file final30.txt (compact mmCIF, C-alpha atoms)
# COMPACT_ATOMS: atom_id res chain seq x y z
CA MET A 1 -8.45 -12.55 22.19
CA ALA A 2 -5.98 -12.14 19.31
CA PHE A 3 -7.10 -8.56 18.76
CA ARG A 4 -6.93 -7.73 22.46
CA ASP A 5 -3.45 -9.24 22.65
CA LEU A 6 -2.21 -6.89 19.92
CA HIS A 7 -2.89 -3.99 22.28
CA ALA A 8 -1.03 -5.47 25.23
CA SER A 9 2.46 -4.45 24.17
CA GLY A 10 4.42 -3.05 21.26
CA CYS A 11 2.85 -1.06 18.42
CA PHE A 12 0.95 -2.16 15.33
CA VAL A 13 -0.60 -0.51 12.27
CA ILE A 14 -4.28 -1.17 11.65
CA PRO A 15 -4.92 0.02 8.06
CA ASN A 16 -8.36 0.97 6.78
CA PRO A 17 -9.72 -0.82 3.69
CA TRP A 18 -12.97 0.39 2.16
CA ASN A 19 -14.11 -2.75 0.33
CA ALA A 20 -13.45 -6.48 0.23
CA GLY A 21 -10.70 -6.23 -2.40
CA THR A 22 -8.60 -3.76 -0.44
CA ALA A 23 -9.13 -5.79 2.73
CA LYS A 24 -7.82 -8.91 1.02
CA TYR A 25 -4.77 -7.11 -0.33
CA LEU A 26 -3.89 -5.64 3.07
CA ARG A 27 -3.99 -9.13 4.52
CA ARG A 28 -1.55 -10.25 1.82
CA LEU A 29 0.86 -7.54 2.96
CA GLY A 30 0.98 -9.05 6.42
CA PHE A 31 -1.09 -6.63 8.49
CA ARG A 32 -2.50 -8.31 11.58
CA ALA A 33 -5.79 -6.42 11.89
CA LEU A 34 -8.00 -4.10 9.86
CA ALA A 35 -10.31 -1.18 10.59
CA THR A 36 -13.18 0.16 8.52
CA THR A 37 -13.26 3.79 7.42
CA SER A 38 -16.58 5.61 7.38
CA ALA A 39 -15.21 8.27 5.03
CA GLY A 40 -13.64 5.78 2.62
CA PHE A 41 -16.90 3.85 2.44
CA ALA A 42 -19.00 6.99 2.05
CA PHE A 43 -16.86 8.37 -0.78
CA ALA A 44 -17.12 5.05 -2.63
CA ARG A 45 -20.90 5.32 -2.31
CA GLY A 46 -20.91 8.89 -3.63
CA LEU A 47 -21.72 10.32 -0.21
CA PRO A 48 -20.05 12.70 2.26
CA ASP A 49 -18.63 11.20 5.43
CA GLY A 50 -21.33 10.39 7.94
CA ALA A 51 -24.17 10.26 5.40
CA ALA A 52 -24.41 6.47 5.22
CA GLY A 53 -27.23 5.09 7.33
CA LEU A 54 -27.05 2.44 10.04
CA ASN A 55 -28.14 -0.48 7.86
CA GLU A 56 -25.74 0.51 5.08
CA MET A 57 -22.90 0.73 7.56
CA LEU A 58 -23.69 -2.61 9.18
CA ALA A 59 -23.73 -4.26 5.74
CA HIS A 60 -20.40 -2.65 4.90
CA ILE A 61 -18.83 -3.72 8.19
CA SER A 62 -20.02 -7.27 7.55
CA GLU A 63 -18.41 -7.18 4.10
CA ILE A 64 -15.03 -6.24 5.58
CA VAL A 65 -15.33 -8.80 8.39
CA ASN A 66 -16.14 -11.57 5.91
CA ALA A 67 -13.42 -10.60 3.43
CA THR A 68 -10.55 -12.02 5.52
CA ASP A 69 -9.81 -13.92 8.72
CA LEU A 70 -8.21 -10.85 10.31
CA PRO A 71 -9.79 -9.11 13.32
CA VAL A 72 -11.69 -5.97 12.29
CA ASN A 73 -12.34 -2.79 14.23
CA ALA A 74 -15.49 -0.98 13.09
CA ASP A 75 -15.53 2.78 12.66
CA PHE A 76 -19.05 3.05 14.06
CA GLY A 77 -19.28 6.84 14.09
CA ALA A 78 -21.30 8.21 16.98
CA GLY A 79 -23.26 4.99 17.25
CA PHE A 80 -26.08 6.23 14.98
CA ALA A 81 -27.97 7.53 18.01
CA GLY A 82 -27.83 10.44 20.41
CA GLU A 83 -29.14 8.92 23.61
CA PRO A 84 -27.27 6.15 25.44
CA GLU A 85 -30.14 3.67 24.97
CA GLY A 86 -29.96 4.01 21.20
CA VAL A 87 -26.19 3.69 21.21
CA ALA A 88 -26.46 0.47 23.22
CA GLN A 89 -28.99 -1.03 20.83
CA ASN A 90 -26.93 -0.19 17.75
CA VAL A 91 -23.69 -1.40 19.33
CA LYS A 92 -25.29 -4.81 19.84
CA ALA A 93 -26.19 -4.87 16.14
CA CYS A 94 -22.60 -4.01 15.25
CA VAL A 95 -21.25 -6.78 17.47
CA LYS A 96 -23.41 -9.27 15.54
CA THR A 97 -21.41 -8.53 12.37
CA GLY A 98 -18.46 -10.37 13.92
CA VAL A 99 -16.19 -7.41 14.61
CA ALA A 100 -13.34 -7.72 17.08
CA GLY A 101 -13.65 -4.08 18.10
CA LEU A 102 -15.66 -0.94 17.46
CA SER A 103 -15.27 2.78 18.11
CA ILE A 104 -17.77 5.34 19.38
CA GLU A 105 -17.08 9.04 18.90
CA ASP A 106 -18.44 12.08 20.71
CA ALA A 107 -19.07 14.36 17.72
CA THR A 108 -22.71 15.33 17.24
CA GLY A 109 -22.53 16.32 13.59
CA SER A 110 -23.98 19.72 14.49
CA ASP A 111 -22.09 22.95 13.86
CA LEU A 112 -23.91 24.59 16.77
CA ASN A 113 -22.81 22.02 19.37
CA PRO A 114 -20.07 19.92 17.74
CA LEU A 115 -19.42 17.68 20.78
CA TYR A 116 -21.83 15.86 23.02
CA GLU A 117 -22.05 17.50 26.43
CA PHE A 118 -19.45 15.94 28.72
CA SER A 119 -21.69 13.91 31.03
CA LEU A 120 -23.84 12.67 28.14
CA ALA A 121 -20.70 11.71 26.20
CA VAL A 122 -19.52 9.66 29.17
CA ASP A 123 -22.93 8.00 29.54
CA ARG A 124 -22.84 7.05 25.86
CA ILE A 125 -19.55 5.21 26.41
CA LYS A 126 -20.96 3.52 29.50
CA ALA A 127 -23.93 2.38 27.43
CA ALA A 128 -21.69 0.98 24.71
CA ARG A 129 -19.60 -0.82 27.32
CA GLY A 130 -22.68 -2.32 28.93
CA ALA A 131 -24.08 -3.43 25.59
CA ILE A 132 -20.84 -5.20 24.66
CA ASP A 133 -20.64 -6.89 28.03
CA GLU A 134 -24.20 -8.16 27.65
CA THR A 135 -23.24 -9.89 24.40
CA GLY A 136 -20.35 -11.71 26.08
CA SER A 137 -18.37 -11.19 22.87
CA GLY A 138 -15.22 -9.63 24.30
CA VAL A 139 -15.33 -6.94 21.60
CA LEU A 140 -12.90 -4.10 22.32
CA LEU A 141 -14.42 -0.66 22.80
CA THR A 142 -12.52 2.35 21.48
CA ALA A 143 -13.67 5.76 22.71
CA ARG A 144 -12.96 8.73 20.46
CA ALA A 145 -12.62 12.34 21.57
CA GLU A 146 -13.24 14.47 18.47
CA CYS A 147 -11.96 17.75 19.93
CA TYR A 148 -9.28 18.34 17.28
CA LEU A 149 -11.58 17.60 14.36
CA THR A 150 -14.45 19.78 15.60
CA GLY A 151 -12.41 22.93 16.21
CA HIS A 152 -12.47 22.96 20.01
CA SER A 153 -10.63 25.98 21.47
CA GLN A 154 -8.44 23.74 23.67
CA PRO A 155 -8.38 20.42 21.85
CA PHE A 156 -5.50 18.86 23.76
CA VAL A 157 -6.77 19.73 27.24
CA GLU A 158 -10.34 18.72 26.46
CA SER A 159 -9.23 15.51 24.74
CA ILE A 160 -7.30 14.45 27.84
CA ARG A 161 -10.27 15.24 30.08
CA ARG A 162 -12.63 13.24 27.93
CA LEU A 163 -10.33 10.30 27.27
CA GLN A 164 -9.63 9.82 30.96
CA ALA A 165 -13.36 9.89 31.69
CA TYR A 166 -14.03 7.44 28.86
CA ALA A 167 -11.40 5.10 30.29
CA GLU A 168 -13.23 5.14 33.63
CA ALA A 169 -16.49 4.53 31.78
CA GLY A 170 -15.13 1.28 30.36
CA ALA A 171 -13.31 2.07 27.12
CA ASP A 172 -10.52 -0.38 26.26
CA VAL A 173 -8.70 1.88 23.78
CA LEU A 174 -8.49 5.68 23.66
CA TYR A 175 -8.33 7.78 20.50
CA ALA A 176 -8.23 11.51 19.77
CA PRO A 177 -8.03 11.83 15.97
CA GLY A 178 -6.28 14.96 14.75
CA VAL A 179 -3.46 15.22 17.28
CA ALA A 180 -0.32 15.94 15.24
CA LYS A 181 2.34 17.30 17.62
CA ARG A 182 4.85 14.82 19.01
CA GLU A 183 4.80 16.22 22.52
CA GLU A 184 1.02 16.17 22.68
CA MET A 185 1.02 12.56 21.50
CA ARG A 186 3.56 11.65 24.16
CA GLN A 187 1.60 13.38 26.91
CA MET A 188 -1.62 11.80 25.70
CA VAL A 189 -0.11 8.34 25.99
CA GLU A 190 1.11 9.13 29.50
CA ALA A 191 -2.26 10.56 30.56
CA ALA A 192 -4.14 7.55 29.19
CA ALA A 193 -1.92 4.89 30.76
CA PRO A 194 -2.38 2.03 31.25
CA LYS A 195 -5.02 2.11 28.50
CA PRO A 196 -3.62 1.80 24.95
CA VAL A 197 -3.82 4.82 22.65
CA ASN A 198 -4.63 4.86 18.93
CA ILE A 199 -3.00 7.59 16.84
CA LEU A 200 -4.35 8.59 13.44
CA VAL A 201 -1.80 9.18 10.69
CA SER A 202 -3.79 10.41 7.68
CA ALA A 203 -1.15 12.85 6.38
CA ASP A 204 2.64 12.99 6.31
CA LEU A 205 3.44 14.02 9.88
CA GLY A 206 7.14 13.25 9.49
CA LEU A 207 6.71 10.24 11.78
CA ARG A 208 7.48 6.56 11.25
CA VAL A 209 6.00 3.58 13.04
CA TYR A 210 9.22 3.41 15.04
CA ASP A 211 8.78 7.00 16.26
CA LEU A 212 5.23 6.39 17.44
CA ALA A 213 6.19 3.12 19.08
CA GLU A 214 8.94 4.92 20.95
CA MET A 215 6.31 7.30 22.37
CA GLY A 216 4.32 4.35 23.70
CA VAL A 217 1.58 4.42 21.06
CA ARG A 218 0.01 0.97 20.78
CA ARG A 219 -2.08 1.30 17.60
CA ILE A 220 -1.78 3.39 14.43
CA SER A 221 -4.68 3.82 12.01
CA VAL A 222 -4.74 5.73 8.73
CA GLY A 223 -8.43 6.61 8.43
CA SER A 224 -9.45 7.53 4.90
CA ALA A 225 -5.85 8.05 3.74
CA LEU A 226 -5.57 4.84 1.70
CA ALA A 227 -8.95 5.50 0.09
CA ARG A 228 -7.84 9.04 -0.73
CA ALA A 229 -4.60 7.67 -2.18
CA ALA A 230 -6.72 5.61 -4.57
CA TRP A 231 -8.90 8.62 -5.36
CA SER A 232 -5.76 10.66 -6.01
CA GLY A 233 -4.58 8.23 -8.68
CA PHE A 234 -8.04 8.05 -10.22
CA ILE A 235 -8.46 11.84 -10.30
CA ARG A 236 -5.00 12.41 -11.73
CA ALA A 237 -5.53 9.92 -14.57
CA ALA A 238 -9.09 11.03 -15.29
CA LYS A 239 -8.12 14.71 -15.39
CA GLU A 240 -5.29 13.97 -17.80
CA ILE A 241 -7.72 12.28 -20.18
CA ALA A 242 -10.34 15.02 -19.85
CA GLU A 243 -8.01 18.02 -19.99
CA GLN A 244 -5.10 16.85 -22.16
CA GLY A 245 -6.49 13.95 -24.13
CA SER A 246 -3.52 11.82 -23.09
CA PHE A 247 -2.99 8.66 -21.07
CA GLY A 248 0.44 9.11 -19.49
CA ALA A 249 -0.79 8.31 -15.99
CA PHE A 250 -1.53 4.77 -17.13
CA ALA A 251 2.21 4.10 -17.30
CA GLU A 252 2.30 3.88 -13.49
CA LEU A 253 -0.59 1.44 -13.09
CA THR A 254 -0.34 -1.91 -11.36
CA PRO A 255 -0.56 -4.45 -14.21
CA PHE A 256 -3.92 -6.11 -14.81
CA ALA A 257 -2.27 -9.53 -14.73
CA GLU A 258 -0.88 -8.96 -11.25
CA LEU A 259 -4.27 -8.08 -9.78
CA GLU A 260 -6.02 -10.81 -11.75
CA GLN A 261 -3.57 -13.42 -10.45
CA PHE A 262 -3.96 -12.22 -6.87
CA PHE A 263 -7.76 -12.29 -6.86
CA ARG A 264 -7.90 -15.64 -8.70
CA ALA A 265 -5.69 -17.11 -5.97
CA GLU A 266 -7.90 -15.51 -3.29
CA SER A 267 -11.05 -16.93 -4.90
CA THR A 268 -9.53 -20.40 -5.17
CA ALA A 269 -8.41 -20.34 -1.54
CA ALA A 270 -11.87 -19.18 -0.41
CA ALA A 271 -13.57 -21.96 -2.38
CA GLY A 272 -11.32 -24.52 -0.69
CA ARG A 273 -12.18 -23.39 2.82
call {"tool": "encode", "arguments": {"input": "final30.txt", "output": "structure tokens"}}
result
Amino acid sequence: MAFRDLHASGCFVIPNPWNAGTAKYLRRLGFRALATTSAGFAFARGLPDGAAGLNEMLAHISEIVNATDLPVNADFGAGFAGEPEGVAQNVKACVKTGVAGLSIEDATGSDLNPLYEFSLAVDRIKAARGAIDETGSGVLLTARAECYLTGHSQPFVESIRRLQAYAEAGADVLYAPGVAKREEMRQMVEAAAPKPVNILVSADLGLRVYDLAEMGVRRISVGSALARAAWSGFIRAAKEIAEQGSFGAFAELTPFAELEQFFRAESTAAAGR
């Protein structure tokens, strides 16, 4: 219920850790919920986004769930199945990890037909909804319209059409990653009402949490952005060593002692629970 309550009013940021350590640190910073990132996890495994299999993803989701006591929303891709029956089966497996929420997207992964046909996409959300209800878990279902990220010719119009249909199909939260214009965000929130809308901020859009809250956005996620921030620091330092033979980037590092102290305290607290 705590996770559901966060969506009832106001606006909150749900950052995306990619391993147990980053999940623990985000909790320390006071965030009230976490979300997994399929891309962040895949990159850490040396894979492109979407290449991790179902069992790998379920294990990863479990790792994030068990890392803290915060509610976790699972980035569950397209449900690791095409047909509604397969989506339902896999959603039940995801619920067993202990997540507070999960998202199902409508991207096929195919360049030929990037989005699931409209009626099938709706049926997939209905199947996910039914599967969650059968578990009696109260897990929140987020439906994602991937129109912006798949190069649809009219991403805003098609996103609205799909999100409204997904709401009717039983989605609790609506999400169209890739929307970047303020007016489109505002209209999306209005079109989705009373269902809460998640907005992805994975680049500098010139917006603050306050700005998005003022538009009526309920939830803000950052996708792979934090993972890419870590990769950026790693790449910058590694390139300096390889190309210049110098170590200047190390001057900006978080001290070893600070991280060591934090994780020792976390380990001690976990042992005492």
call {"tool": "closest_residue", "arguments": {"input": "final30.txt", "among": "A:Val189, A:Ala203, A:Gly53, A:Glu183", "to": "Ala229 (chain A)", "atoms": "only C-alpha atoms"}}
result
A:Ala203
call {"tool": "atom_distance", "arguments": {"input": "final30.txt", "atom1": "CA of Ser267 (chain A)", "atom2": "CA of Val65 (chain A)"}}
result
16.2 Å
call {"tool": "residues_around", "arguments": {"input": "final30.txt", "residues": "region 32-43 of chain A", "least_positions_apart": "2", "cutoff": "9 Å", "atoms": "all atoms listed in the file", "output": "PyMOL selection string"}}
result
chain A and resi 3+6+12-19+23+26-27+30+45-52+57+60-61+64-65+70-77+101-102+221-228
call {"tool": "residues_around", "arguments": {"input": "final30.txt", "residues": "Ala165 (chain A)", "least_positions_apart": "5", "cutoff": "12 Å", "atoms": "only C-alpha atoms", "output": "ChimeraX atom specification"}}
result
/A:118-126,143-145,158-160,170-172,174,191-192,195
call {"tool": "write_last_selection", "arguments": {"input": "final30.txt", "atoms": "C-alpha atoms", "output": "mmCIF file, keeping the file's coordinate frame"}}
result
data_model
loop_
_atom_site.group_PDB
_atom_site.id
_atom_site.type_symbol
_atom_site.label_atom_id
_atom_site.label_comp_id
_atom_site.auth_asym_id
_atom_site.auth_seq_id
_atom_site.Cartn_x
_atom_site.Cartn_y
_atom_site.Cartn_z
ATOM 1 C CA PHE A 118 -19.450 15.940 28.720
ATOM 2 C CA SER A 119 -21.690 13.910 31.030
ATOM 3 C CA LEU A 120 -23.840 12.670 28.140
ATOM 4 C CA ALA A 121 -20.700 11.710 26.200
ATOM 5 C CA VAL A 122 -19.520 9.660 29.170
ATOM 6 C CA ASP A 123 -22.930 8.000 29.540
ATOM 7 C CA ARG A 124 -22.840 7.050 25.860
ATOM 8 C CA ILE A 125 -19.550 5.210 26.410
ATOM 9 C CA LYS A 126 -20.960 3.520 29.500
ATOM 10 C CA ALA A 143 -13.670 5.760 22.710
ATOM 11 C CA ARG A 144 -12.960 8.730 20.460
ATOM 12 C CA ALA A 145 -12.620 12.340 21.570
ATOM 13 C CA GLU A 158 -10.340 18.720 26.460
ATOM 14 C CA SER A 159 -9.230 15.510 24.740
ATOM 15 C CA ILE A 160 -7.300 14.450 27.840
ATOM 16 C CA GLY A 170 -15.130 1.280 30.360
ATOM 17 C CA ALA A 171 -13.310 2.070 27.120
ATOM 18 C CA ASP A 172 -10.520 -0.380 26.260
ATOM 19 C CA LEU A 174 -8.490 5.680 23.660
ATOM 20 C CA ALA A 191 -2.260 10.560 30.560
ATOM 21 C CA ALA A 192 -4.140 7.550 29.190
ATOM 22 C CA LYS A 195 -5.020 2.110 28.500
#
call {"tool": "atom_distance", "arguments": {"input": "final30.txt", "atom1": "CA of Ala169 (chain A)", "atom2": "CA of Asn55 (chain A)"}}
result
27.1 Å
call {"tool": "closest_residue", "arguments": {"input": "final30.txt", "among": "A:Leu29, A:Ala257, A:Leu141, A:Val217", "to": "Gln187 (chain A)", "atoms": "only C-alpha atoms"}}
result
A:Val217
call {"tool": "closest_residue", "arguments": {"input": "final30.txt", "among": "A:Ser9, A:Thr22, A:Asn66, A:Gln89", "to": "Ala270 (chain A)", "atoms": "only C-alpha atoms"}}
result
A:Asn66
call {"tool": "closest_residue", "arguments": {"input": "final30.txt", "among": "A:Leu115, A:Ala193, A:Ala176, A:Leu58", "to": "Ala8 (chain A)", "atoms": "all atoms listed in the file"}}
result
A:Ala193
call {"tool": "atom_distance", "arguments": {"input": "final30.txt", "atom1": "CA of Ser62 (chain A)", "atom2": "CA of Thr97 (chain A)"}}
result
5.2 Å
call {"tool": "decode", "arguments": {"input": "final30.txt", "residues": "region 94-135 of chain A", "atoms": "C-alpha atoms", "output": "mmCIF file, in the first residue's frame"}}
result
data_model
loop_
_atom_site.group_PDB
_atom_site.id
_atom_site.type_symbol
_atom_site.label_atom_id
_atom_site.label_comp_id
_atom_site.auth_asym_id
_atom_site.auth_seq_id
_atom_site.Cartn_x
_atom_site.Cartn_y
_atom_site.Cartn_z
ATOM 1 C CA CYS A 94 7.902 -11.334 -11.419
ATOM 2 C CA VAL A 95 5.366 -10.752 -8.651
ATOM 3 C CA LYS A 96 6.973 -13.608 -6.698
ATOM 4 C CA THR A 97 10.210 -11.605 -6.446
ATOM 5 C CA GLY A 98 8.458 -9.254 -4.023
ATOM 6 C CA VAL A 99 8.131 -6.201 -6.257
ATOM 7 C CA ALA A 100 5.648 -3.470 -5.420
ATOM 8 C CA GLY A 101 5.085 -2.684 -9.085
ATOM 9 C CA LEU A 102 6.095 -3.718 -12.578
ATOM 10 C CA SER A 103 5.910 -2.254 -16.076
ATOM 11 C CA ILE A 104 4.955 -3.858 -19.373
ATOM 12 C CA GLU A 105 5.878 -2.150 -22.636
ATOM 13 C CA ASP A 106 4.453 -2.504 -26.126
ATOM 14 C CA ALA A 107 7.702 -2.564 -28.128
ATOM 15 C CA THR A 108 8.284 -5.784 -30.051
ATOM 16 C CA GLY A 109 12.029 -5.459 -30.515
ATOM 17 C CA SER A 110 11.549 -5.830 -34.266
ATOM 18 C CA ASP A 111 12.575 -3.111 -36.718
ATOM 19 C CA LEU A 112 9.883 -4.271 -39.143
ATOM 20 C CA ASN A 113 6.987 -3.864 -36.678
ATOM 21 C CA PRO A 114 8.358 -1.911 -33.699
ATOM 22 C CA LEU A 115 5.071 -1.825 -31.741
ATOM 23 C CA TYR A 116 2.619 -4.574 -30.977
ATOM 24 C CA GLU A 117 -0.564 -4.186 -32.990
ATOM 25 C CA PHE A 118 -3.022 -2.058 -31.019
ATOM 26 C CA SER A 119 -5.572 -4.705 -30.007
ATOM 27 C CA LEU A 120 -2.856 -7.223 -29.117
ATOM 28 C CA ALA A 121 -1.040 -4.566 -27.068
ATOM 29 C CA VAL A 122 -4.235 -3.923 -25.124
ATOM 30 C CA ASP A 123 -4.814 -7.649 -24.589
ATOM 31 C CA ARG A 124 -1.280 -7.972 -23.224
ATOM 32 C CA ILE A 125 -2.041 -5.331 -20.589
ATOM 33 C CA LYS A 126 -5.317 -7.060 -19.750
ATOM 34 C CA ALA A 127 -3.410 -10.303 -19.298
ATOM 35 C CA ALA A 128 -0.874 -8.662 -17.000
ATOM 36 C CA ARG A 129 -3.685 -7.090 -14.988
ATOM 37 C CA GLY A 130 -5.471 -10.410 -14.645
ATOM 38 C CA ALA A 131 -2.294 -12.189 -13.602
ATOM 39 C CA ILE A 132 -1.576 -9.640 -10.878
ATOM 40 C CA ASP A 133 -5.134 -9.811 -9.605
ATOM 41 C CA GLU A 134 -4.913 -13.599 -9.387
ATOM 42 C CA THR A 135 -1.893 -13.293 -7.091
#
